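Everything below concerns the one structure shown next.
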Amino acid sequence: MAKLFGQFRFLAGALALALLVAMALPAGAQRNPDGSVNPTAQSVKEQQLLNALGTGGAISGRVSIPDQKSANLIHPAGRDWREFHEVTLRWIGAIAILGMLVILMAFYLIRGQVKLESGLSGRRIVRFNGFERFVHWMTATCFIILALSGLNITFGKLLLPPLIGEPAFATYAQYAKYSHNYLSFPFTIGVFCIFLMWIAGNIPNKVDVEWLKEGGGIVGDKHPPAHRFNAGQKMIYWIVVIGGGAVAASGYLLMFPFYATNIAGMQWHP
């Protein structure tokens, strides 16, 4: 009898130990080693996920593949970026584009067309050789296509489907993406060539100060002197070189993600 009672006590203890282990495993699976909530755990409740998001944390699981970034299911920074891109950026872009069109139209209506005082002389002087003209038009053409395909990312989904239908928009968006990616290379080469070709003539000097004081001849009737490039052209040159270079560099961070920066860095693309 004593032997039977001892066997029963051993079995009861084993069952109790197994029950404690079974109850502890789901509770331990609620959180990853880094403290984040594990959404794949059986005991994770919806409120835990909502609480994690409310505190600014990310919802991450566990994966067996080498790319550990795929374990990140939801990240508040991604939601904030999407909100900025789909709401705030649209307003900023629309105001900037429409505002500039209004300014140009108002200037044209007030100032009118700026004509040559004595008309054309009939003489032609070659200011730029064939290679310079080729680089200029290659860069300008790529810029126009890149601008239109880039605007499609911000405004296309909102404006085009009601006009051309969703299937046509999907096809256009796909080709716009291809053109945006591949034309970035000749655009970058063009910006680099422009920087090398014309940097000597685009260093600011005292003549530029006088040109700006006279409004470049656009404001008023005077014709201020200038060297090969006037102050306005020099400003455009540096905007193209610095702005184009920055946009190209940040764009390549998106084309080749995680090579030089993380998700937060890629969200700084202009």
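Please note that chains go A, B, ... in the order of the structure tokens, that every chain numbers its residues from 1, and that ligands are numbered from 1 in the order shown.
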Taking 4 positions as the minimum chain separation for residues in the same chain, which residues sit within 8 Å of stretch 209-214 of chain A when counting only C-alpha atoms? Answer as number ranges by chain.
A: 205, 219-220, 222-226, 230-231
For the residues in that selection, give me N, CA, C and O atoms as an mmCIF file, in the first residue's frame.
data_model
loop_
_atom_site.group_PDB
_atom_site.id
_atom_site.type_symbol
_atom_site.label_atom_id
_atom_site.label_comp_id
_atom_site.auth_asym_id
_atom_site.auth_seq_id
_atom_site.Cartn_x
_atom_site.Cartn_y
_atom_site.Cartn_z
ATOM 1 N N ASN A 205 30.923 87.035 -58.428
ATOM 2 C CA ASN A 205 31.876 88.130 -58.427
ATOM 3 C C ASN A 205 31.133 89.454 -58.245
ATOM 4 O O ASN A 205 29.907 89.474 -58.076
ATOM 5 N N VAL A 219 13.426 93.757 -64.175
ATOM 6 C CA VAL A 219 12.715 94.814 -63.458
ATOM 7 C C VAL A 219 13.339 96.137 -63.872
ATOM 8 O O VAL A 219 14.505 96.409 -63.585
ATOM 9 N N GLY A 220 12.591 96.946 -64.556
ATOM 10 C CA GLY A 220 13.115 98.199 -65.091
ATOM 11 C C GLY A 220 13.538 98.033 -66.542
ATOM 12 O O GLY A 220 13.300 96.988 -67.180
ATOM 13 N N LYS A 222 16.864 98.892 -67.669
ATOM 14 C CA LYS A 222 18.312 98.900 -67.817
ATOM 15 C C LYS A 222 18.818 97.533 -68.268
ATOM 16 O O LYS A 222 18.123 96.522 -68.159
ATOM 17 N N HIS A 223 20.042 97.528 -68.785
ATOM 18 C CA HIS A 223 20.671 96.296 -69.240
ATOM 19 C C HIS A 223 22.006 96.153 -68.516
ATOM 20 O O HIS A 223 23.047 96.575 -69.031
ATOM 21 N N PRO A 224 21.999 95.574 -67.305
ATOM 22 C CA PRO A 224 23.235 95.511 -66.518
ATOM 23 C C PRO A 224 24.247 94.560 -67.158
ATOM 24 O O PRO A 224 23.873 93.590 -67.822
ATOM 25 N N PRO A 225 25.522 94.824 -66.978
ATOM 26 C CA PRO A 225 26.566 93.964 -67.566
ATOM 27 C C PRO A 225 26.656 92.625 -66.848
ATOM 28 O O PRO A 225 26.257 92.489 -65.684
ATOM 29 N N ALA A 226 27.191 91.644 -67.534
ATOM 30 C CA ALA A 226 27.396 90.315 -66.958
ATOM 31 C C ALA A 226 28.476 89.610 -67.750
ATOM 32 O O ALA A 226 28.747 89.954 -68.902
ATOM 33 N N ASN A 230 25.157 85.316 -66.120
ATOM 34 C CA ASN A 230 24.769 86.371 -65.198
ATOM 35 C C ASN A 230 24.401 85.769 -63.846
ATOM 36 O O ASN A 230 24.405 84.543 -63.655
ATOM 37 N N ALA A 231 24.057 86.629 -62.888
ATOM 38 C CA ALA A 231 23.803 86.165 -61.520
ATOM 39 C C ALA A 231 22.617 85.212 -61.460
ATOM 40 O O ALA A 231 22.624 84.241 -60.688
#
Closest-contact table, stretch 135-197 of chain A side, partner stretch 81-90 of chain A, 12 Å, counting only C-alpha atoms, as a Markdown table:
| residue | atom | partner | partner_atom | distance |
| --- | --- | --- | --- | --- |
| A:Leu151 | CA | A:Arg90 | CA | 9.7 |
| A:Asn152 | CA | A:Arg90 | CA | 11.1 |
| A:Ile153 | CA | A:His85 | CA | 9.4 |
| A:Thr154 | CA | A:Arg90 | CA | 6.4 |
| A:Phe155 | CA | A:Arg90 | CA | 6.9 |
| A:Gly156 | CA | A:Arg90 | CA | 10.6 |
| A:Lys157 | CA | A:Glu86 | CA | 9.7 |
| A:Leu158 | CA | A:Glu86 | CA | 9.3 |
| A:Leu159 | CA | A:Arg90 | CA | 11.4 |
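Using only C-alpha atoms, the protein and nucleic acid residues lying no more than 7 Å from A:Gly244, apart from those fewer than 4 places from it along its own chain, are Val191, Val240 and Ala248 of chain A.
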**Message:** Could you list, as a list of chain:residue names, every residue within 12 Å of A:Val126, counting only C-alpha atoms and ignoring same-chain residues fewer than 5 positions away?
**Reply:** A:Glu132, A:Arg133, A:Arg228
If we count only C-alpha atoms and set the cut-off at 8 Å, which residues sit around A:Phe187, ignoring sequence neighbours fewer than 3 positions away in its own chain? Please answer as a list in words. Met138, Thr139, Cys142, Phe143, Leu183, Ser184, Gly190 and Val191 of chain A
Expressed in Å, the length from atom CA of A:Ile203 to atom CA of A:Leu120 is 29.4 Å
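Atom to atom, atom CA of A:Gly112 and atom CA of A:Gly217 stand 13.1 Å apart.
You can rank A:Ala176, A:Ala260, A:Leu146, A:Ala140 by their closest distance to A:Val247 using only C-alpha atoms, and at the top of that list sits A:Leu146.
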Correct to one decimal, the distance atom CA of A:Lys69-atom CA of A:Pro257 is 12.0 Å
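Among the candidates A:Leu160, A:Ile218, A:Cys193, A:Ile97, the residue lying nearest to A:Ile110 is A:Ile218 (atoms considered: only C-alpha atoms).
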